[in-house]
Structure formats: C-alpha cells, structure tokens
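Here's the structure we're looking at; comments come further down.
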Amino acid sequence: MILFFYNLLLFAALLLGAPWWLFRMATTSKYREGVMQRLGFKRTGVVAGRPAIWIHAVSVGEVLAIGRLVKSLDESLSDFQIVISTTTRTGQQLARERFGKDRVFYCPLDLPWAVSSVLNELKPQLFILAETEFWPNLLASCHRRGIPVAVVNARISDRSWPRYKKLRGVWKQFLQPLALVLAQTETDAERLRAIGCQGERVHTSGNLKFDVRAAADSAATQLLRAGAEGKRIVVAGSTLEGEEAALLAIWPELLGENSNLLLVLAPRHPERFSAVAALIDRSGRSWQQRSHWNAEAAQEKLGSTQIVLLDSIGELASVYQLASVAFVGGSLVQAGGHNPLEPAQFGVPVLMGPSYENFRGIVKPMLAAGGIKIVDSAAQLKTVLAELLNNREQAKAMGAKAHAVFEGQSGATGRTVEAIRTLLLSRSAAGGNR
C-alpha cells in the first residue's frame with residue numbers, strides 16, 4: 001500500500017514536472033546525458049553469462065569511498081563482474097576514470113519500469129548500496145526477486161536523522177528485508193536499527209574513507225609541483241558559496257605576512273566554477289584557471305600567481321599532498337562539511353569550520369588526537385592559517401597526528417569484503433536467488 005501511494009505521487013510529480021524537464025533537456029546538455037540509462041532503455045555494461053554484483057555510489061564522495069572496495073572485490077570475487085552506477089554527472093565522470101567506462105552506468109530513476117529493465121539485464125547476485133540512498137521501487141524490486149541487498153559504509157547524518165525517525169514506520173517496510181548493513185559507527189548502527197533494519201543484520205565495520213589512498217599524481221599535482229616550487233600552498237577544497245568570498249577576503253592579509261603563498265581554491269560543484277572564477281577576477285589578485293593550463297604556461301607563470309582555481313574533477317585528492325595547510329569546505333557555512341581524510345592521509349594539518357556534522361565520526365577522533373582544528377569564523381581561519389604557516393614545526397606535528405588517525409582507523413575495506421563474501425556463500429549454500 002505504501003509503495004502504491006509512493007508511485008502515485010511519483011507519477012503525478014512526473015506529469016506536472018514534464019514541461020520543465022523537457023525544456024531543461026532541450027537547452028542543457030547535462031540534463032540529456034545518460035537519460036536513456038536513467039529510463040532503463042540502454043545497456044549497463046554487464047557481460048552476458050557472468051554473474052554480476054551491482055554497486056551504487058551516488059556521487060564523487062561515494063565513488064572515492066568505494067575505490068579500494070571495488071579493487072578488493074575484483075580480486076577476491078573474480079568469478080563475478082562488478083558493475084557500478086552513479087546518480088550525478090560528476091560521479092559518473094570519476095567512476096569511469098577509476099573503474100573503466102565499460103562497467104559504469106547511470107542508476108535508473110526510481111520508476112518501476114526503469115528499475116525492472118535494469119534488473120532484467122543485470123540479474124545481479126547482489127546489490128550493494130554505498131552509504132544511504134534508499135529508493136523504494138529499487139529496494140522493493142530487489143526484495144521481490146530475491147536479490148540480496150547490502151548497504152556498506154552506511155550512515156545516518158545528524159541532519160537526516162530527524163526525518164528518518166519521523167518516517168520510520170514507512171521505511172521499515174523497505175529496510176527490514178536488507179540482507180546486510182555495515183555501519184560506519186555504532187551511532188549509525190543504532191539509528192539504522194531504529195528505522196527498521198533487522199538488528200542481527202546490522203554491524204559496525206568502520207568507515208571505508210579511512211582506507212582511501214590517493215591515486216597516482218594528477219596532472220594538476222604535477223604542474224603545481226613543477227610551477228610552484230618553493231611556494232607555501234594553502235589548499236581550500238570542496239568549498240561552497242560564501243566560503244570562497246571569505247577566503248579571498250583574508251588572503252591579502254596572509255600575503256602581507258608571507259608573499260610566498262599560493263591559494264588553490266577547489267569549489268565543490270562544477271556548476272559554480274564560472275561564478276567563482278568571476279569572484280576571483282574581481283578580487284584583483286594574480287590568478288590562473290586549471291582548465292586553461294598547459295605545462296609551459298603553468299611553469300612560466302606560477303611564480304607570480306597568488307591564486308589557482310582548480311576547476312577540474314577528481315584532482316583535488318591528489319593536490320592536497322602539496323599543501324602546507326588545508327581547509328576543508330562546506331563547514332564555514334551550514335552544509336555539514338566534507339571529508340578531512342583526503343588531506344590527512346598526506347600528513348597535512350587540517351582546518352574546518354563549525355559545521356562538520358556529516359563527518360562527525362571522522363572529525364571527532366581527529367580532534368581528540370589534535371590532528372584538526374575547528375574555526376568559528378573567517379577571522380579565526382585567518383589567524384590559525386597564519387599561525388600554522390609561520391610555525392612549521394607546529395604544522396608538521398599537527399599533520400602527523402592527522403595521518404596517525406587516518407592510518408589507525410583503516411581496515412573497513414577488509415571487513416566489508418569478508419562480510420560480503422560470507423553473505424554470498426550463505427546465499428549459495430541456501431540455493432541462491434529465488
């Protein structure tokens with residue numbers, strides 16, 4: 001009954017929104033990209049005759065988190081083909097780079113016919129959700145077909161928890177049949193049990209993001225290393241609207257204390273690249289745009305450059321290794337923060353604003369160890385940045401503590417792979433899918 005009313009509302013929304021979506025698809029390429037796969041009408045990359053495991057990762061953060069998991073599953077479950085879907089365009093681009101375009105596709109919209117079409121083609125032996133993107137038709141279709149569903153790196157953020165709790169009676173129908181739920185923390189595990197997951201199927205396995213290791217140096221990293229030799233680099237990653245302006249406002253003061261600085265500014269969302277470029281241009285500072293680079297230009301001009309706009313996808317994680325100090329965005333504004341482990345893996349001291357609730361399970365151990373500092377305002381950010389840039393020993397010690405937390409809490413990938421293997425073996429012993 002719940003699914004019936006959900007689909008009724010979904011179809012009504014589709015009908016009412018159809019003119020807007022058709023207009024957007026006609027005028028904007030990103031709305032057209034992958035539309036046939038989203039509607040279930042285009043192949044997913046599965047090879048006929050080989051059993052498949054389907055992993056869904058929503059966007060860039062989830063794609064990065066499952067990087068080592070996919071590699072480990074490829075190695076330990078070689079009889080299976082692992083296929084990966086994403087929801088966002090940026091996630092799709094990164095997944096194709098990381099895993100190969102032939103096995104990456106757009107996740108179908110949560111429409112009954114689209115979901116059925118993809119499941120008919122894939123016939124997965126297991127469906128794995130990274131973190132928590134619960135779609136009723138997708139989950140219900142898997143349950144009806146006897147396809148086990150596992151949720152890995154699962155979490156319920158502080159922001160999402162009240163909504164889930166309010167609708168726990170609705171969610172129970174879709175979450176109770178889940179075969180395996182691997183939560184990041186015990187708090188996440190408790191919340192997942194509270195909204196309907198079967199208690200004995202929920203386990204705390206740790207955060208896959210503690211196991212992420214940067215891939216080979218990106219082109220941006222190589223160019224920066226060559227062109228900014230001798231400079232102290234501050235990397236401000238995954239910034240949101242309001243944070244770039246705050247950083248640009250304090251940057252002249254920091255340059256006044258140390259002229260040999262370079263700010264690498266990496267906005268979170270590609271659609272804001274042009275707006276941030278205009279903002280930097282209005283600041284009057286000497287700057288470069290990553291998308292306009294070639295090797296010769298970077299090496300010749302970075303000597304006088306004060307700001308670099310990193311307007312590319314998938315290069316930030318590698319660029320963090322060049323930082324003397326890193327600021328992780330989405331945290332000076334009320335957005336819940338982003339992942340501080342990307343700079344921590346390189347022993348880089350990390351600064352964040354007070355809004356880090358989406359990564360509380362990561363930030364708390366880093367705070368306890370002294371590997372991260374929380375600043376309450378742009379003014380305090382300027383003060384702490386100046387302090388760390390002027391005191392290299394303090395910055396080095398703080399970075400070492402951040403790296404120690406990163407290394408000390410690794411191992412979630414191994415635990416996740418073992419749990420998935422056990423699940424598949426138990427299913428095989430019981431006779432597999434219906």
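Residues in the structure tokens are named by chain (A, B, ... in the order shown) and by number from 1 within that chain; ligands are numbered from 1 in the order shown.
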Show me, as a PyMOL selection string, the residues that have an atom within 8 Å of A:Ser318 when counting only C-alpha atoms, minus same-chain residues fewer than 5 positions from it.
chain A and resi 214-218+221
With C-alpha atoms retained, could you export that selection as a short mmCIF file (atom, residue, chain, number, x, y, z; two decimals), in the first residue's frame?
```cif
data_model
loop_
_atom_site.label_atom_id
_atom_site.label_comp_id
_atom_site.auth_asym_id
_atom_site.auth_seq_id
_atom_site.Cartn_x
_atom_site.Cartn_y
_atom_site.Cartn_z
CA ALA A 214 45.11 8.89 -3.46
CA ALA A 215 45.61 7.53 -6.94
CA ALA A 216 48.71 8.41 -8.97
CA ASP A 217 49.56 12.10 -9.07
CA SER A 218 47.02 14.02 -11.10
CA THR A 221 49.55 17.96 -8.99
#
```
What residues in stretch 17-163 of chain A get the DSSP label helix (DSSP H, G or I)? Please answer as a ChimeraX atom specification.
/A:17-27,29-32,35-38,60-65,67-76,89-99,101-103,112-122,136-145,161-163
Please produce a file of the residues just selected, as a CSV table (one decimal), in the first residue's frame, where the atoms kept are C-alpha atoms.
```
chain,number,residue,atom,x,y,z
A,17,GLY,CA,7.2,18.5,-14.0
A,18,ALA,CA,7.5,17.1,-17.5
A,19,PRO,CA,7.4,20.5,-19.3
A,20,TRP,CA,10.2,21.8,-17.1
A,21,TRP,CA,12.4,18.6,-17.6
A,22,LEU,CA,11.8,18.6,-21.3
A,23,PHE,CA,12.9,22.3,-21.5
A,24,ARG,CA,16.0,21.6,-19.4
A,25,MET,CA,16.9,18.6,-21.6
A,26,ALA,CA,16.5,20.7,-24.7
A,27,THR,CA,18.6,23.5,-23.5
A,29,SER,CA,23.5,19.1,-22.1
A,30,LYS,CA,23.9,17.8,-18.5
A,31,TYR,CA,20.2,17.0,-18.3
A,32,ARG,CA,20.3,15.0,-21.5
A,35,VAL,CA,18.8,10.0,-19.9
A,36,MET,CA,18.3,6.7,-21.7
A,37,GLN,CA,20.1,4.8,-19.0
A,38,ARG,CA,18.2,6.6,-16.3
A,60,VAL,CA,32.0,11.8,-6.1
A,61,GLY,CA,32.3,11.2,-2.4
A,62,GLU,CA,30.8,7.7,-2.6
A,63,VAL,CA,32.8,6.8,-5.7
A,64,LEU,CA,36.0,7.7,-3.9
A,65,ALA,CA,35.0,5.8,-0.8
A,67,GLY,CA,37.6,2.7,-4.8
A,68,ARG,CA,39.5,0.1,-2.7
A,69,LEU,CA,36.4,-1.9,-2.2
A,70,VAL,CA,35.9,-2.4,-5.9
A,71,LYS,CA,39.5,-3.3,-6.4
A,72,SER,CA,39.3,-5.8,-3.5
A,73,LEU,CA,36.1,-7.4,-4.8
A,74,ASP,CA,37.6,-7.7,-8.3
A,75,GLU,CA,40.5,-9.6,-6.7
A,76,SER,CA,38.6,-11.8,-4.2
A,89,ARG,CA,27.3,13.6,-13.7
A,90,THR,CA,30.4,14.3,-11.7
A,91,GLY,CA,30.2,10.9,-10.0
A,92,GLN,CA,29.8,9.3,-13.4
A,93,GLN,CA,32.9,11.0,-14.8
A,94,LEU,CA,35.1,10.0,-11.9
A,95,ALA,CA,33.7,6.4,-11.8
A,96,ARG,CA,34.6,6.0,-15.5
A,97,GLU,CA,38.1,7.2,-14.9
A,98,ARG,CA,38.6,5.0,-11.8
A,99,PHE,CA,36.8,1.8,-12.9
A,101,LYS,CA,33.7,3.2,-18.7
A,102,ASP,CA,32.5,-0.2,-19.9
A,103,ARG,CA,31.2,-1.2,-16.4
A,112,PRO,CA,9.0,0.7,-11.8
A,113,TRP,CA,9.7,0.0,-15.5
A,114,ALA,CA,13.2,1.6,-15.4
A,115,VAL,CA,14.2,-0.4,-12.3
A,116,SER,CA,12.8,-3.6,-13.8
A,117,SER,CA,14.6,-3.1,-17.1
A,118,VAL,CA,18.0,-2.8,-15.4
A,119,LEU,CA,17.4,-5.7,-13.1
A,120,ASN,CA,16.3,-7.8,-16.1
A,121,GLU,CA,19.5,-7.1,-17.8
A,122,LEU,CA,21.9,-7.3,-14.9
A,136,PRO,CA,11.5,2.3,-2.5
A,137,ASN,CA,11.0,0.8,-6.0
A,138,LEU,CA,14.6,-0.3,-6.3
A,139,LEU,CA,14.6,-1.9,-2.9
A,140,ALA,CA,11.2,-3.5,-3.3
A,141,SER,CA,12.1,-4.9,-6.8
A,142,CYS,CA,15.2,-6.5,-5.4
A,143,HIS,CA,13.3,-8.0,-2.5
A,144,ARG,CA,10.6,-9.4,-4.8
A,145,ARG,CA,13.2,-11.0,-7.0
A,161,TRP,CA,18.2,11.6,11.4
A,162,PRO,CA,15.0,13.5,12.4
A,163,ARG,CA,13.5,13.0,9.0
```
So that I can check the surroundings of A:Ala378, please list as a tab-separated table (two decimals) with N, CA and C atoms, in the first residue's frame every protein, DNA and RNA residue that reaches within 12 Å of it, counting only C-alpha atoms and ignoring chain neighbours fewer than 6 positions away.
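Saved file out.tsv follows:
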```tsv
chain	number	residue	atom	x	y	z
A	242	GLY	N	29.97	31.38	-0.47
A	242	GLY	CA	30.23	32.14	0.76
A	242	GLY	C	31.62	31.87	1.31
A	243	GLU	N	32.11	30.65	1.12
A	243	GLU	CA	33.44	30.31	1.64
A	243	GLU	C	34.55	30.87	0.75
A	244	GLU	N	34.34	30.85	-0.58
A	244	GLU	CA	35.36	31.43	-1.45
A	244	GLU	C	35.54	32.92	-1.17
A	245	ALA	N	34.41	33.62	-1.00
A	245	ALA	CA	34.48	35.05	-0.71
A	245	ALA	C	35.21	35.31	0.61
A	246	ALA	N	34.95	34.47	1.61
A	246	ALA	CA	35.63	34.62	2.91
A	246	ALA	C	37.13	34.40	2.77
A	247	LEU	N	37.52	33.40	2.01
A	247	LEU	CA	38.95	33.12	1.80
A	247	LEU	C	39.62	34.24	1.03
A	248	LEU	N	38.95	34.75	0.01
A	248	LEU	CA	39.52	35.85	-0.78
A	248	LEU	C	39.65	37.12	0.05
A	249	ALA	N	38.75	37.29	1.02
A	249	ALA	CA	38.80	38.48	1.87
A	249	ALA	C	40.01	38.46	2.81
A	250	ILE	N	40.38	37.27	3.30
A	250	ILE	CA	41.51	37.19	4.23
A	250	ILE	C	42.86	36.98	3.53
A	251	TRP	N	42.81	36.64	2.25
A	251	TRP	CA	44.05	36.30	1.56
A	251	TRP	C	45.06	37.45	1.48
A	327	PHE	N	42.25	23.65	4.13
A	327	PHE	CA	40.93	23.99	4.68
A	327	PHE	C	39.92	23.15	3.93
A	329	GLY	N	36.12	22.55	2.99
A	329	GLY	CA	34.94	23.40	2.92
A	329	GLY	C	33.63	22.72	3.26
A	331	SER	N	31.96	23.82	5.54
A	331	SER	CA	31.99	23.81	7.01
A	331	SER	C	31.91	25.20	7.64
A	332	LEU	N	32.28	26.24	6.90
A	332	LEU	CA	32.07	27.61	7.41
A	332	LEU	C	30.64	28.05	7.17
A	333	VAL	N	29.97	27.38	6.22
A	333	VAL	CA	28.54	27.56	6.02
A	333	VAL	C	27.84	26.32	6.55
A	351	LEU	N	42.08	22.27	8.69
A	351	LEU	CA	41.19	23.23	9.34
A	351	LEU	C	39.78	23.05	8.76
A	352	MET	N	38.78	23.17	9.62
A	352	MET	CA	37.38	23.13	9.20
A	352	MET	C	36.60	24.15	10.00
A	353	GLY	N	35.45	24.55	9.44
A	353	GLY	CA	34.53	25.40	10.18
A	353	GLY	C	33.70	24.58	11.15
A	354	PRO	N	32.74	25.21	11.83
A	354	PRO	CA	31.99	24.52	12.88
A	354	PRO	C	30.93	23.54	12.37
A	384	VAL	N	44.44	31.27	12.46
A	384	VAL	CA	45.00	29.92	12.59
A	384	VAL	C	45.86	29.57	11.37
A	385	LEU	N	45.44	29.99	10.19
A	385	LEU	CA	46.25	29.78	9.00
A	385	LEU	C	47.61	30.45	9.14
```
Would you pick out the contacts of A:Ala57 at 8 Å or less, using only C-alpha atoms, so that residues sharing its chain but fewer than 5 positions from it are not included, and give the list as an MDAnalysis selection string?
chainID A and resid 62:63 66 84:87 91 129:131
Coordinates-based distance that separates atom CA of A:Arg360 from atom CA of A:Asn207 (Å, one decimal):
11.5 Å
Among stretch 24-234 of chain A, which residues does DSSP mark as strand (DSSP E) when it is run on the backbone? Keep the chain and numbering as in the structure and answer as a PyMOL selection string.
chain A and resi 52-56+81-86+104-106+124-130+149-154+180-183+202-204+232-234
With distances taken over only C-alpha atoms, which of A:Leu302, A:Ile156, A:Ala404, A:Val170 is nearest to A:Gly230?
A:Leu302
Using only C-alpha atoms, which protein or nucleic acid residues come within 8 Å of A:Gly196? Drop anything in the same chain fewer than 3 positions from it, and give the result as a list of chain:residue names.
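The residues that qualify are A:Arg168, A:Gly169, A:Trp171, A:Lys172, A:Gln173, A:Leu175, A:Gln176, A:Leu192, A:Arg193.
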If I take atom CA of A:Gly206 and atom CA of A:Val375, how far is one from the other in Å, to one decimal?
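Pair atom CA of A:Gly206 / atom CA of A:Val375 returns 26.7 Å.
Residue nearest A:Gly227, chosen from A:Phe273, A:Phe210, A:Trp293, A:Tyr320 and counting only C-alpha atoms: A:Trp293.
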Would you pick out the contacts of A:Val152 at 10 Å or less, using only C-alpha atoms, so that residues sharing its chain but fewer than 4 positions from it are not included, and give the list as a PyMOL selection string?
chain A and resi 55+66+69+128-132+180-184+203-208+412-413+416-417+419-420
Could you dump the residues just selected with N, CA and C atoms as a PDB file, in the first residue's frame?
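Result file part00.pdb:
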```
ATOM      1  N   ILE A  55      27.021  -2.321  -7.687  1.00  0.00           N
ATOM      2  CA  ILE A  55      27.294  -1.354  -6.620  1.00  0.00           C
ATOM      3  C   ILE A  55      26.783   0.009  -7.055  1.00  0.00           C
ATOM      4  N   ILE A  66      34.400   3.942  -2.370  1.00  0.00           N
ATOM      5  CA  ILE A  66      34.362   2.531  -2.760  1.00  0.00           C
ATOM      6  C   ILE A  66      35.547   2.113  -3.631  1.00  0.00           C
ATOM      7  N   LEU A  69      37.345  -0.827  -2.259  1.00  0.00           N
ATOM      8  CA  LEU A  69      36.393  -1.927  -2.155  1.00  0.00           C
ATOM      9  C   LEU A  69      36.210  -2.604  -3.511  1.00  0.00           C
ATOM     10  N   ILE A 128      24.608  -3.717  -3.958  1.00  0.00           N
ATOM     11  CA  ILE A 128      25.288  -3.039  -2.853  1.00  0.00           C
ATOM     12  C   ILE A 128      25.058  -1.537  -2.959  1.00  0.00           C
ATOM     13  N   LEU A 129      24.539  -0.965  -1.899  1.00  0.00           N
ATOM     14  CA  LEU A 129      24.366   0.486  -1.802  1.00  0.00           C
ATOM     15  C   LEU A 129      25.501   1.078  -0.977  1.00  0.00           C
ATOM     16  N   ALA A 130      26.159   2.097  -1.499  1.00  0.00           N
ATOM     17  CA  ALA A 130      27.196   2.798  -0.740  1.00  0.00           C
ATOM     18  C   ALA A 130      26.556   3.942   0.039  1.00  0.00           C
ATOM     19  N   GLU A 131      26.760   3.939   1.350  1.00  0.00           N
ATOM     20  CA  GLU A 131      26.173   4.906   2.282  1.00  0.00           C
ATOM     21  C   GLU A 131      24.665   4.698   2.324  1.00  0.00           C
ATOM     22  N   THR A 132      23.856   5.730   2.147  1.00  0.00           N
ATOM     23  CA  THR A 132      22.408   5.532   2.297  1.00  0.00           C
ATOM     24  C   THR A 132      21.662   6.348   1.253  1.00  0.00           C
ATOM     25  N   LEU A 180      22.209  -7.251   4.647  1.00  0.00           N
ATOM     26  CA  LEU A 180      23.433  -6.880   5.377  1.00  0.00           C
ATOM     27  C   LEU A 180      23.531  -5.371   5.419  1.00  0.00           C
ATOM     28  N   VAL A 181      23.821  -4.836   6.603  1.00  0.00           N
ATOM     29  CA  VAL A 181      24.025  -3.393   6.763  1.00  0.00           C
ATOM     30  C   VAL A 181      25.308  -3.191   7.551  1.00  0.00           C
ATOM     31  N   LEU A 182      26.292  -2.559   6.930  1.00  0.00           N
ATOM     32  CA  LEU A 182      27.583  -2.296   7.567  1.00  0.00           C
ATOM     33  C   LEU A 182      27.700  -0.804   7.839  1.00  0.00           C
ATOM     34  N   ALA A 183      27.559  -0.445   9.111  1.00  0.00           N
ATOM     35  CA  ALA A 183      27.521   0.965   9.504  1.00  0.00           C
ATOM     36  C   ALA A 183      28.918   1.500   9.791  1.00  0.00           C
ATOM     37  N   GLN A 184      29.063   2.815   9.604  1.00  0.00           N
ATOM     38  CA  GLN A 184      30.354   3.457   9.864  1.00  0.00           C
ATOM     39  C   GLN A 184      30.661   3.491  11.358  1.00  0.00           C
ATOM     40  N   HIS A 203      25.840  -4.333  11.434  1.00  0.00           N
ATOM     41  CA  HIS A 203      27.145  -4.443  12.083  1.00  0.00           C
ATOM     42  C   HIS A 203      27.926  -3.140  11.882  1.00  0.00           C
ATOM     43  N   THR A 204      28.813  -2.867  12.804  1.00  0.00           N
ATOM     44  CA  THR A 204      29.689  -1.698  12.668  1.00  0.00           C
ATOM     45  C   THR A 204      31.018  -2.157  12.083  1.00  0.00           C
ATOM     46  N   SER A 205      31.341  -1.660  10.894  1.00  0.00           N
ATOM     47  CA  SER A 205      32.555  -2.111  10.200  1.00  0.00           C
ATOM     48  C   SER A 205      33.588  -1.009  10.027  1.00  0.00           C
ATOM     49  N   GLY A 206      33.240   0.237  10.389  1.00  0.00           N
ATOM     50  CA  GLY A 206      34.172   1.346  10.192  1.00  0.00           C
ATOM     51  C   GLY A 206      33.882   2.078   8.895  1.00  0.00           C
ATOM     52  N   ASN A 207      34.674   3.094   8.653  1.00  0.00           N
ATOM     53  CA  ASN A 207      34.454   3.987   7.511  1.00  0.00           C
ATOM     54  C   ASN A 207      35.407   3.642   6.374  1.00  0.00           C
ATOM     55  N   LEU A 208      34.853   3.316   5.208  1.00  0.00           N
ATOM     56  CA  LEU A 208      35.684   2.994   4.047  1.00  0.00           C
ATOM     57  C   LEU A 208      36.606   4.146   3.662  1.00  0.00           C
ATOM     58  N   ALA A 412      38.374  -0.956   7.247  1.00  0.00           N
ATOM     59  CA  ALA A 412      36.955  -1.171   6.937  1.00  0.00           C
ATOM     60  C   ALA A 412      36.772  -1.945   5.640  1.00  0.00           C
ATOM     61  N   THR A 413      37.668  -1.738   4.670  1.00  0.00           N
ATOM     62  CA  THR A 413      37.531  -2.431   3.392  1.00  0.00           C
ATOM     63  C   THR A 413      37.636  -3.941   3.572  1.00  0.00           C
ATOM     64  N   THR A 416      34.551  -5.262   5.202  1.00  0.00           N
ATOM     65  CA  THR A 416      33.416  -5.219   4.286  1.00  0.00           C
ATOM     66  C   THR A 416      33.479  -6.358   3.273  1.00  0.00           C
ATOM     67  N   VAL A 417      34.660  -6.581   2.708  1.00  0.00           N
ATOM     68  CA  VAL A 417      34.823  -7.666   1.731  1.00  0.00           C
ATOM     69  C   VAL A 417      34.500  -9.015   2.369  1.00  0.00           C
ATOM     70  N   ALA A 419      32.559  -9.633   4.929  1.00  0.00           N
ATOM     71  CA  ALA A 419      31.117  -9.737   5.195  1.00  0.00           C
ATOM     72  C   ALA A 419      30.350 -10.040   3.905  1.00  0.00           C
ATOM     73  N   ILE A 420      30.765  -9.438   2.794  1.00  0.00           N
ATOM     74  CA  ILE A 420      30.108  -9.687   1.509  1.00  0.00           C
ATOM     75  C   ILE A 420      30.358 -11.121   1.049  1.00  0.00           C
TER      76      ILE A 420
END
```
Near stretch 274-280 of chain A, counting only C-alpha atoms, which residues have an atom at most 12 Å away, once you skip same-chain residues fewer than 5 positions from it, shown as an mmCIF file with C-alpha atoms, in the first residue's frame?
```
data_model
loop_
_atom_site.group_PDB
_atom_site.id
_atom_site.type_symbol
_atom_site.label_atom_id
_atom_site.label_comp_id
_atom_site.auth_asym_id
_atom_site.auth_seq_id
_atom_site.Cartn_x
_atom_site.Cartn_y
_atom_site.Cartn_z
ATOM 1 C CA THR A 239 34.245 24.987 -0.917
ATOM 2 C CA LEU A 240 30.670 26.217 -1.147
ATOM 3 C CA GLU A 241 29.118 29.596 -1.837
ATOM 4 C CA GLY A 242 30.226 32.139 0.762
ATOM 5 C CA GLU A 243 33.441 30.314 1.636
ATOM 6 C CA GLU A 244 35.365 31.428 -1.454
ATOM 7 C CA ALA A 245 34.476 35.049 -0.707
ATOM 8 C CA ALA A 246 35.628 34.620 2.910
ATOM 9 C CA LEU A 247 38.949 33.121 1.797
ATOM 10 C CA LEU A 248 39.517 35.848 -0.783
ATOM 11 C CA ALA A 249 38.804 38.481 1.871
ATOM 12 C CA TRP A 251 44.049 36.297 1.560
ATOM 13 C CA LEU A 263 45.981 29.574 -2.636
ATOM 14 C CA VAL A 264 44.488 26.610 -4.511
ATOM 15 C CA LEU A 265 40.735 27.060 -4.488
ATOM 16 C CA ALA A 266 38.637 23.982 -5.392
ATOM 17 C CA PRO A 267 34.855 24.590 -5.406
ATOM 18 C CA ARG A 268 32.730 21.553 -4.612
ATOM 19 C CA HIS A 269 30.277 21.861 -7.508
ATOM 20 C CA ARG A 285 44.667 39.126 -7.474
ATOM 21 C CA SER A 286 47.008 37.385 -9.886
ATOM 22 C CA TRP A 287 45.367 34.037 -10.655
ATOM 23 C CA GLN A 288 45.199 31.090 -13.013
ATOM 24 C CA GLN A 289 42.497 28.669 -14.020
ATOM 25 C CA ARG A 290 43.355 24.961 -14.074
ATOM 26 C CA SER A 291 41.219 24.327 -17.180
ATOM 27 C CA HIS A 292 43.338 26.821 -19.142
ATOM 28 C CA GLN A 306 48.653 34.157 -5.979
ATOM 29 C CA ILE A 307 45.560 32.009 -6.599
ATOM 30 C CA VAL A 308 44.814 28.898 -8.669
ATOM 31 C CA LEU A 309 41.222 27.897 -9.383
ATOM 32 C CA LEU A 310 41.102 24.089 -9.503
ATOM 33 C CA ASP A 311 38.142 23.790 -11.866
ATOM 34 C CA SER A 312 38.514 20.087 -12.613
#
```
